[in-house]
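Participant: Sending over a structure as C-alpha cells; questions will come in a sec.
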Amino acid sequence: MTTTFEEFETVDLFSSWDAKTQPIISIHNMKKWFPVSQQSILFSRVVAHIKAVDGVNLFLNKGETLGIVGESGCGKSTTAKVTVKLEEPTEGSVYFKGIDIFQPMTREEELAVKRQLQMVFQDPYSSLNPRRMVLDLIKEPFDIHFPDMLYEEKEARVLEILAKVGLEDYHALRYPHEFSGGQRQRLGIARALAIHPEVILLDEPVSALDVSVQAQILNLLHDLQKDFDLTFMFIAHDLSVIKHVSDRVAVMYLGKIMEMSPTGELFRKTGHPYSVSLLSAIPRPDPRIKMDRIILEGDVPSPINPPSGCPFHPRCYKAQELCSKVTPDLEEVEPNHYIACHFPEI
Amino acid sequence: MTEKPILELKDVYTYFYTESGIVEALDGVSFDVMKGEPVGVVGESGCGKTVTAHSTLRILPKNGKTVSGDIIYKGVNLLDLPDLQMRKIRGKEIAMIFQDPMTSLNPIFKISDQMTEVIALHRRCSKKEALEIAIESLDQVGISEAETRITDYPHQFSGGMRQRILIARALALQPSLLIADEPTTALDVTIQAQVLGIIKDMQQKLGLGMMLITHNLGVVAEITKRVHIFYGGRVVESGYTEDIFVNPKHPYTYALFESIPSLEADKTRLMTIPGNVPRLINPPKGCRFHPRCKYATEICSRMRPPEHKFGRGRRVACHHFEELDLHVGKEAILDRAAVKEEV
Ligand SMILES: Nc1ncnc2c1ncn2[C@@H]1O[C@H](COP(=O)(O)OP(=O)(O)OP(=O)(O)O)[C@@H](O)[C@H]1O
Ligand SMILES: Nc1ncnc2c1ncn2[C@@H]1O[C@H](COP(=O)(O)OP(=O)(O)OP(=O)(O)O)[C@@H](O)[C@H]1O
Ligand code: SF4
Ligand SMILES: [Mg+2]
Ligand SMILES: [Mg+2]
C-alpha cells in the first residue's frame, strides 16, 4: 500500500519556511494561567491564578525528538496543549513553520495546521469516545482531513496502523472499555499516527506499557521518524526512555524551562541544580543496590504562588541571596546548551 | 515468623464473553499475599493484571465472569460472599487504586466531596474530621496548597496529581490490603520516590499488605518482597524479588529483563520479545509462551507446563526450566548498575 499522502496535499501555506535554518516549531515566552475563583451564591470572583505555564521558550528542529521532563504538575501537558492549539495562551506565541498559529487564519489553513500537528494524550481513556468503535475512532482523522479518500482505503489504513502498534484486526470492532490500560494507550498512539502528521506531541505515550511492548512502540516511532522525517516532542517522566528517544532534552520546573541541551550532554554535563537532583532520583532495576539520592528538601512549590526569583531556589542546594531576587533567563551557556541558573554547574 | 496469607487466589479462571469469542483472561491463576507484605504483579500489557484485581474485588464488567476458583481474603471466600458484605470489604478492608485516574474520579464533583464522604463512612468520623484527614493526606502525597485545591474539580489537576489524589484517598481509609494498579505510571521520579516512601511507611506502621501491579521493574525491585510474573492470563514465575531478578528461570521473565531500556543505551533499536502478545481468544495451546520462546520444543506446544516448586517458595511453569540457565540477567543488571555509577 502507498504510505504517502502527497496526492491529498492541497494547501501550500508554508512556502516561506526554510527547514534548514528555521525550527519547525518555536515557542516564545508562552504563558498559560488558569483563574482560581472564589464562589458565593451571587457571584464568582477571580482571586488568584494557577500559573501552569509561565514563560516557556523552546524550539523543535525538523526531524528531531525533543524530550520534556519535569515534576508532576510543572506544566508539561499544558505546554503541549497550547502548542497544538487546544488551549489559548494567556501570553506569548507559537510559530509552526514560521506562521503564528494564534493569528487569524482561513478554515483551510486551520485544517492544514491541525493535520500536521497531532497530540497523543496522557490519559488514554478520557480522550477516546467510549461510545464509538475502535474502527470509527481511528478512521475519524481520515474523515476530517481526507474526505475524498475511499472507504476501503481508510479501513485498510486503520488495520495497518493497528497492526503496527501490536493490536489485531478483531480489536477494530471493540469499544475502548474492552481494552487493557496499555492497549488503550496504543489506540491513542494509532489514532495520532494514522494520518502521518509532521509534528507529534506525545504526552507520556508509553507510561502504561510494559518494557517489551514499550520497546515495540519506541521502535515504531523511531522507524516512522526515519521514514517520514517526523518531529516529536516527547513528554515522559522515565529518564531512561527519554535518554533513549531524544536528540535533545528540555527540563521543566514550575512552568519554566530550566535547561535544554543535547541528550548526551545533559547526562554528562548536567548544568542546572534541579536537573542534577532529578537525575539522582532514578529507581534502578536491581533490588540489591541501595539508593544514593538527593531527596529534594522543602515543600513542593505551588504554581499559585511561585517563589520569587528562580522558582527552584527554596529547594536548591546552591541557592544564594541573588537567586531569591532575580529570575535567571534561559541562556545559551555553551553552544546548544541552554541553562536558566545564576550558578550553573558548568 | 508466623506468615499467613491475607489474600490467596487459587486456580482462578475469569472469562469475557464477546462477539468475536470467549476471552480467556485468567486461566488458572494462583498466588498469595502475606499480611503486611508488598507483592508485585508484573507482566506485559493485556496479560490479565487488572482483571485479577477486578476479579478479587468482584467489579468485573457485565460481560466478564469468574467461572471457577477461590479468592480467599482473611479466611473468607470472597466469591461466596453476599453483595452487601462484599461492599463492606471494598474500600475499608481492601482499597484499590485504579489504573485510570480519570475514570475513578467523577468529573462533576469537587475533590473534597469525593474524598470526605468515603473517609467519613469508612473511618466513622464526622465530615469535618474527614475533611482534615483528606487535606492531610493530599499534603502527604505532595499536592501543594491542599486546603485551596481540594475544592477544585478533577480536570483542573495534572495527570500525576490525579493519580496522587487517588493514592491519598485509598491510604486515608487505612485498609488492610491495598491493590495498587500502576499507581506511579504518571509520576516523575522524585514524586514517585516520595509516594513509594509513604506506601512503605504505611506498610510498616499499619501492617498494610499490598498487591502492586506494575510494569516498572525498577519500582518492583525497590519496594516489593515477592513478585508474581504473569503471561497470557497465567502466573509463569513466582518467588522472592531478589531471587528472580538475579536469576530469572522462566524464558519469559528473562526476555522481560532483556528489553528494559537502560541508561547507557544510545538511540538505537531496543530488544523486543519477538512475536505478538498472545491472543486470549483461542490462545496458544500448551505453554502460552511457546510461539515466542527460543527454547520451545514439541511438548511445549502440546502440554500445559506443570509448576515446578523449589528453593524458598519459588515456582516456575516451564517444561525446560531445569535445562536452561538464564542467569544472564545478572550480568545485564550489573552492567546497568556500573553505568549508573558514572552518571
Ligand atoms: N483546566 C485547568 N484548570 C485549572 N488548573 C489547571 C488546568 N489544567 C492544568 N491545571 C494546573 O496546571 C498545572 C500544570 O498542569 P499540567 O497538566 O500541565 O502538568 P504536567 O506537567 O503535565 O504534570 P503531570 O506530569 O502530572 O501530567 C497543575 O497545577 C494543574 O493543576
Ligand atoms: N470488558 C472486556 N471485554 C473483553 N475483553 C476484555 C475486557 N476487559 C479486558 N479484556 C481483555 O482481557 C485481557 C486482560 O486485560 P487486563 O486489563 O487485565 O490487562 P493488564 O494486564 O491489566 O494490561 P495493561 O498493563 O495494559 O493494563 C486483555 O487482553 C483485554 O483485552
Ligand atoms: S514451557 Fe517451553 S515454550 Fe514455555 S517457556 Fe518453557 S521452554 Fe519456552
Ligand atoms: Mg501531564
Ligand atoms: Mg491494566
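Within each chain, counting starts at residue 1; across the C-alpha cells, chains are named A, B, ... in the order shown, with ligands numbered 1 upward in that order.
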May I ask you to write as an mmCIF file with N, CA and C atoms, in the first residue's frame all residues lying at most 7 Å from ligand 2, with only C-alpha atoms and all ligand atoms counted?

Facilitator:
```cif
data_model
loop_
_atom_site.group_PDB
_atom_site.id
_atom_site.type_symbol
_atom_site.label_atom_id
_atom_site.label_comp_id
_atom_site.auth_asym_id
_atom_site.auth_seq_id
_atom_site.Cartn_x
_atom_site.Cartn_y
_atom_site.Cartn_z
ATOM 1 N N HIS A 177 -13.665 0.510 26.329
ATOM 2 C CA HIS A 177 -13.643 -0.068 27.682
ATOM 3 C C HIS A 177 -13.271 -1.549 27.675
ATOM 4 N N GLU A 178 -13.258 -2.158 26.493
ATOM 5 C CA GLU A 178 -12.921 -3.572 26.444
ATOM 6 C C GLU A 178 -11.420 -3.818 26.282
ATOM 7 N N PHE A 179 -10.631 -2.786 26.506
ATOM 8 C CA PHE A 179 -9.182 -2.935 26.360
ATOM 9 C C PHE A 179 -8.484 -2.746 27.696
ATOM 10 N N SER A 180 -7.296 -3.313 27.797
ATOM 11 C CA SER A 180 -6.488 -3.078 28.993
ATOM 12 C C SER A 180 -5.874 -1.688 28.894
ATOM 13 N N GLY A 181 -5.293 -1.219 30.005
ATOM 14 C CA GLY A 181 -4.728 0.128 30.045
ATOM 15 C C GLY A 181 -3.707 0.379 28.941
ATOM 16 N N GLY A 182 -2.807 -0.560 28.775
ATOM 17 C CA GLY A 182 -1.755 -0.380 27.778
ATOM 18 C C GLY A 182 -2.289 -0.478 26.359
ATOM 19 N N GLN A 183 -3.312 -1.306 26.169
ATOM 20 C CA GLN A 183 -3.917 -1.413 24.839
ATOM 21 C C GLN A 183 -4.581 -0.092 24.469
ATOM 22 N N ALA A 208 2.058 3.527 30.357
ATOM 23 C CA ALA A 208 1.274 2.383 30.835
ATOM 24 C C ALA A 208 1.739 1.082 30.191
ATOM 25 N N LEU A 209 2.854 1.119 29.475
ATOM 26 C CA LEU A 209 3.255 -0.087 28.752
ATOM 27 C C LEU A 209 4.409 -0.788 29.446
ATOM 28 N N ASP A 210 4.334 -2.118 29.431
ATOM 29 C CA ASP A 210 5.431 -2.911 29.950
ATOM 30 C C ASP A 210 6.621 -2.750 29.022
ATOM 31 N N PHE B 16 -14.224 -13.325 29.538
ATOM 32 C CA PHE B 16 -15.111 -12.295 28.981
ATOM 33 C C PHE B 16 -15.816 -12.878 27.778
ATOM 34 N N TYR B 17 -17.100 -12.579 27.673
ATOM 35 C CA TYR B 17 -17.875 -13.097 26.548
ATOM 36 C C TYR B 17 -18.071 -11.970 25.540
ATOM 37 N N THR B 18 -17.457 -12.084 24.374
ATOM 38 C CA THR B 18 -17.550 -11.018 23.362
ATOM 39 C C THR B 18 -18.086 -11.596 22.060
ATOM 40 N N VAL B 23 -12.921 -14.506 25.699
ATOM 41 C CA VAL B 23 -11.572 -14.066 26.052
ATOM 42 C C VAL B 23 -11.189 -14.765 27.355
ATOM 43 N N ALA B 25 -9.257 -14.514 29.929
ATOM 44 C CA ALA B 25 -8.352 -13.518 30.501
ATOM 45 C C ALA B 25 -7.529 -14.069 31.668
ATOM 46 N N GLY B 43 3.833 -8.081 34.320
ATOM 47 C CA GLY B 43 3.598 -8.798 33.072
ATOM 48 C C GLY B 43 3.227 -7.826 31.986
ATOM 49 N N GLU B 44 3.237 -8.286 30.747
ATOM 50 C CA GLU B 44 3.055 -7.339 29.655
ATOM 51 C C GLU B 44 1.610 -6.887 29.519
ATOM 52 N N SER B 45 1.453 -5.856 28.726
ATOM 53 C CA SER B 45 0.153 -5.256 28.520
ATOM 54 C C SER B 45 -0.858 -6.294 28.043
ATOM 55 N N GLY B 46 -2.011 -6.369 28.727
ATOM 56 C CA GLY B 46 -3.063 -7.279 28.312
ATOM 57 C C GLY B 46 -2.940 -8.683 28.865
ATOM 58 N N CYS B 47 -2.052 -8.910 29.840
ATOM 59 C CA CYS B 47 -1.840 -10.280 30.323
ATOM 60 C C CYS B 47 -2.785 -10.649 31.458
ATOM 61 N N GLY B 48 -3.601 -9.712 31.937
ATOM 62 C CA GLY B 48 -4.597 -10.062 32.943
ATOM 63 C C GLY B 48 -4.362 -9.495 34.328
ATOM 64 N N LYS B 49 -3.492 -8.518 34.462
ATOM 65 C CA LYS B 49 -3.201 -7.969 35.788
ATOM 66 C C LYS B 49 -4.412 -7.235 36.357
ATOM 67 N N THR B 50 -4.971 -6.339 35.554
ATOM 68 C CA THR B 50 -6.122 -5.579 36.039
ATOM 69 C C THR B 50 -7.315 -6.497 36.257
ATOM 70 N N VAL B 51 -7.495 -7.474 35.373
ATOM 71 C CA VAL B 51 -8.606 -8.408 35.532
ATOM 72 C C VAL B 51 -8.457 -9.194 36.846
ATOM 73 N N THR B 52 -7.244 -9.511 37.248
ATOM 74 C CA THR B 52 -7.015 -10.177 38.529
ATOM 75 C C THR B 52 -7.534 -9.313 39.677
ATOM 76 N N PRO B 61 -16.870 -6.073 34.556
ATOM 77 C CA PRO B 61 -17.987 -5.574 33.755
ATOM 78 C C PRO B 61 -18.981 -6.697 33.464
ATOM 79 N N ASN B 63 -19.975 -8.290 30.901
ATOM 80 C CA ASN B 63 -19.633 -9.419 30.035
ATOM 81 C C ASN B 63 -18.507 -10.298 30.602
ATOM 82 N N GLY B 64 -18.085 -10.012 31.840
ATOM 83 C CA GLY B 64 -16.998 -10.790 32.426
ATOM 84 C C GLY B 64 -17.470 -11.608 33.612
ATOM 85 N N HIS B 215 4.437 -2.440 35.570
ATOM 86 C CA HIS B 215 5.368 -2.983 34.595
ATOM 87 C C HIS B 215 6.733 -2.371 34.832
ATOM 88 N N ARG B 279 -3.057 -13.890 21.698
ATOM 89 C CA ARG B 279 -4.477 -13.563 21.737
ATOM 90 C C ARG B 279 -5.106 -14.441 22.810
ATOM 91 N N LEU B 280 -6.083 -13.887 23.475
ATOM 92 C CA LEU B 280 -6.685 -14.655 24.561
ATOM 93 C C LEU B 280 -7.997 -15.294 24.130
#
```

Participant: Could you find all residues in segment 38-286 of chain A that DSSP calls helix (DSSP H, G or I) from the backbone, and write them as a ChimeraX atom specification?

Facilitator: /A:76-83,107-116,134-145,151-164,169-173,176-178,181-193,211-228,239-245,263-268,273-279

Participant: Please return, as a PyMOL selection string, all residues of segment 235-336 of chain A that DSSP assigns to strand (DSSP E or B) on the basis of the backbone.

Facilitator: chain A and resi 235+248-253+256-262+331-334

Participant: Just to be explicit: take each residue in the selection above, keep C-alpha atoms, and write the result as a PDB file, in the first residue's frame.

Facilitator:
```pdb
ATOM      1  CA  ILE A 235       6.938  14.121  27.322  1.00  0.00           C
ATOM      2  CA  ARG A 248      17.707  16.998  22.862  1.00  0.00           C
ATOM      3  CA  VAL A 249      16.062  17.292  26.255  1.00  0.00           C
ATOM      4  CA  ALA A 250      14.318  20.202  27.957  1.00  0.00           C
ATOM      5  CA  VAL A 251      13.954  20.135  31.739  1.00  0.00           C
ATOM      6  CA  MET A 252      10.928  21.949  33.072  1.00  0.00           C
ATOM      7  CA  TYR A 253      10.196  23.215  36.570  1.00  0.00           C
ATOM      8  CA  LYS A 256       9.576  27.329  33.070  1.00  0.00           C
ATOM      9  CA  ILE A 257      12.373  25.665  31.116  1.00  0.00           C
ATOM     10  CA  MET A 258      15.403  25.222  33.379  1.00  0.00           C
ATOM     11  CA  GLU A 259      17.783  23.534  30.978  1.00  0.00           C
ATOM     12  CA  MET A 260      17.784  22.455  27.354  1.00  0.00           C
ATOM     13  CA  SER A 261      20.646  20.638  25.688  1.00  0.00           C
ATOM     14  CA  PRO A 262      21.614  17.691  23.515  1.00  0.00           C
ATOM     15  CA  GLU A 331      20.812  31.468  28.321  1.00  0.00           C
ATOM     16  CA  GLU A 332      22.992  29.626  25.865  1.00  0.00           C
ATOM     17  CA  VAL A 333      25.887  28.875  28.218  1.00  0.00           C
ATOM     18  CA  GLU A 334      27.659  26.677  25.718  1.00  0.00           C
TER      19      GLU A 334
END
```

Participant: With only C-alpha atoms as the counted atoms, please give the residues lying no more than 7 Å from segment 68-83 of chain A, apart from itself and same-chain residues fewer than 6 positions off, as a PyMOL selection string.

Facilitator: (chain A and resi 52-53+89+94+201+203+234-237+249-255) or (chain B and resi 158+160-161+187-188)

Participant: Excluding segment 77-94 of chain B and any residue of its chain fewer than 2 positions from it, enumerate the residues within 10 Å of it, using only C-alpha atoms, and give them as number ranges by chain.

Facilitator: B: 7-9, 55-59, 66, 68-75, 96-97, 118-119, 121-123, 169-179, 208-210

Participant: Within 12 Å of ligand 3, which residues of chain B come that close, and what is the closest atom pair and distance in Å for each? Count only C-alpha atoms and all ligand atoms and give it as a Markdown table.

Facilitator:
```
| residue | atom | partner | partner_atom_place_in_ligand_line | distance |
| --- | --- | --- | --- | --- |
| B:Tyr231 | CA | ligand 3 | 5 (S) | 10.0 |
| B:Gly232 | CA | ligand 3 | 4 (Fe) | 11.5 |
| B:Arg234 | CA | ligand 3 | 4 (Fe) | 11.7 |
| B:Val235 | CA | ligand 3 | 5 (S) | 11.7 |
| B:Val236 | CA | ligand 3 | 5 (S) | 8.3 |
| B:Glu237 | CA | ligand 3 | 5 (S) | 10.2 |
| B:Pro248 | CA | ligand 3 | 5 (S) | 11.8 |
| B:Lys249 | CA | ligand 3 | 6 (Fe) | 9.3 |
| B:His250 | CA | ligand 3 | 5 (S) | 6.0 |
| B:Pro251 | CA | ligand 3 | 5 (S) | 5.0 |
| B:Tyr252 | CA | ligand 3 | 5 (S) | 6.3 |
| B:Thr253 | CA | ligand 3 | 5 (S) | 9.1 |
| B:Tyr254 | CA | ligand 3 | 5 (S) | 10.0 |
| B:Ala255 | CA | ligand 3 | 5 (S) | 10.3 |
| B:Pro284 | CA | ligand 3 | 3 (S) | 10.4 |
| B:Lys285 | CA | ligand 3 | 3 (S) | 10.3 |
| B:Gly286 | CA | ligand 3 | 4 (Fe) | 7.9 |
| B:Cys287 | CA | ligand 3 | 4 (Fe) | 4.6 |
| B:Arg288 | CA | ligand 3 | 4 (Fe) | 6.7 |
| B:Phe289 | CA | ligand 3 | 4 (Fe) | 5.1 |
| B:His290 | CA | ligand 3 | 3 (S) | 3.4 |
| B:Pro291 | CA | ligand 3 | 3 (S) | 7.0 |
| B:Arg292 | CA | ligand 3 | 3 (S) | 7.5 |
| B:Cys293 | CA | ligand 3 | 8 (Fe) | 4.6 |
| B:Lys294 | CA | ligand 3 | 8 (Fe) | 6.5 |
| B:Tyr295 | CA | ligand 3 | 7 (S) | 4.5 |
| B:Ala296 | CA | ligand 3 | 3 (S) | 4.0 |
| B:Thr297 | CA | ligand 3 | 2 (Fe) | 6.1 |
| B:Glu298 | CA | ligand 3 | 2 (Fe) | 8.3 |
| B:Ile299 | CA | ligand 3 | 2 (Fe) | 7.3 |
| B:Cys300 | CA | ligand 3 | 2 (Fe) | 4.3 |
| B:Ser301 | CA | ligand 3 | 3 (S) | 7.0 |
| B:Arg302 | CA | ligand 3 | 2 (Fe) | 9.7 |
| B:Met303 | CA | ligand 3 | 1 (S) | 8.4 |
| B:Arg304 | CA | ligand 3 | 1 (S) | 7.6 |
| B:Pro305 | CA | ligand 3 | 1 (S) | 5.5 |
| B:Pro306 | CA | ligand 3 | 1 (S) | 8.7 |
| B:Glu307 | CA | ligand 3 | 1 (S) | 10.1 |
| B:His308 | CA | ligand 3 | 1 (S) | 11.2 |
| B:Val316 | CA | ligand 3 | 6 (Fe) | 9.0 |
| B:Ala317 | CA | ligand 3 | 1 (S) | 6.8 |
| B:Cys318 | CA | ligand 3 | 6 (Fe) | 3.7 |
| B:His319 | CA | ligand 3 | 1 (S) | 4.1 |
| B:His320 | CA | ligand 3 | 7 (S) | 4.9 |
| B:Phe321 | CA | ligand 3 | 6 (Fe) | 6.2 |
| B:Glu322 | CA | ligand 3 | 6 (Fe) | 9.6 |
| B:Glu323 | CA | ligand 3 | 7 (S) | 9.2 |
| B:Leu324 | CA | ligand 3 | 7 (S) | 8.4 |
| B:Asp325 | CA | ligand 3 | 7 (S) | 11.5 |
| B:Leu326 | CA | ligand 3 | 7 (S) | 11.7 |
```

Participant: Write out as a PDB file with C-alpha atoms, in the first residue's frame which residues come within 8 Å of segment 136-149 of chain A when counting only C-alpha atoms, dropping same-chain ones fewer than 2 positions away.

Facilitator:
```
ATOM      1  CA  PHE A   8      -4.107  14.787  -0.933  1.00  0.00           C
ATOM      2  CA  LEU A 111      -7.186  22.442   8.939  1.00  0.00           C
ATOM      3  CA  ARG A 115      -3.490  17.951  10.353  1.00  0.00           C
ATOM      4  CA  LEU A 128     -11.337   8.178  23.443  1.00  0.00           C
ATOM      5  CA  ASN A 129     -15.084   8.466  22.968  1.00  0.00           C
ATOM      6  CA  ARG A 132     -17.505   4.662  19.306  1.00  0.00           C
ATOM      7  CA  MET A 133     -15.970   1.519  17.947  1.00  0.00           C
ATOM      8  CA  VAL A 134     -12.201   1.498  17.544  1.00  0.00           C
ATOM      9  CA  TYR A 151     -13.741   3.962   2.467  1.00  0.00           C
ATOM     10  CA  GLU A 153      -8.541   2.614   1.813  1.00  0.00           C
ATOM     11  CA  LYS A 154      -9.372   4.270   5.114  1.00  0.00           C
ATOM     12  CA  GLU A 155     -10.276   0.921   6.589  1.00  0.00           C
ATOM     13  CA  VAL A 158      -6.759   1.660  10.142  1.00  0.00           C
ATOM     14  CA  LEU A 187      -5.152   3.138  20.485  1.00  0.00           C
ATOM     15  CA  ALA A 190      -2.505   4.706  16.480  1.00  0.00           C
ATOM     16  CA  ARG A 191      -5.052   7.468  16.134  1.00  0.00           C
ATOM     17  CA  ALA A 194      -2.570   7.206  11.277  1.00  0.00           C
ATOM     18  CA  ILE A 195      -2.504  10.333   9.128  1.00  0.00           C
TER      19      ILE A 195
END
```
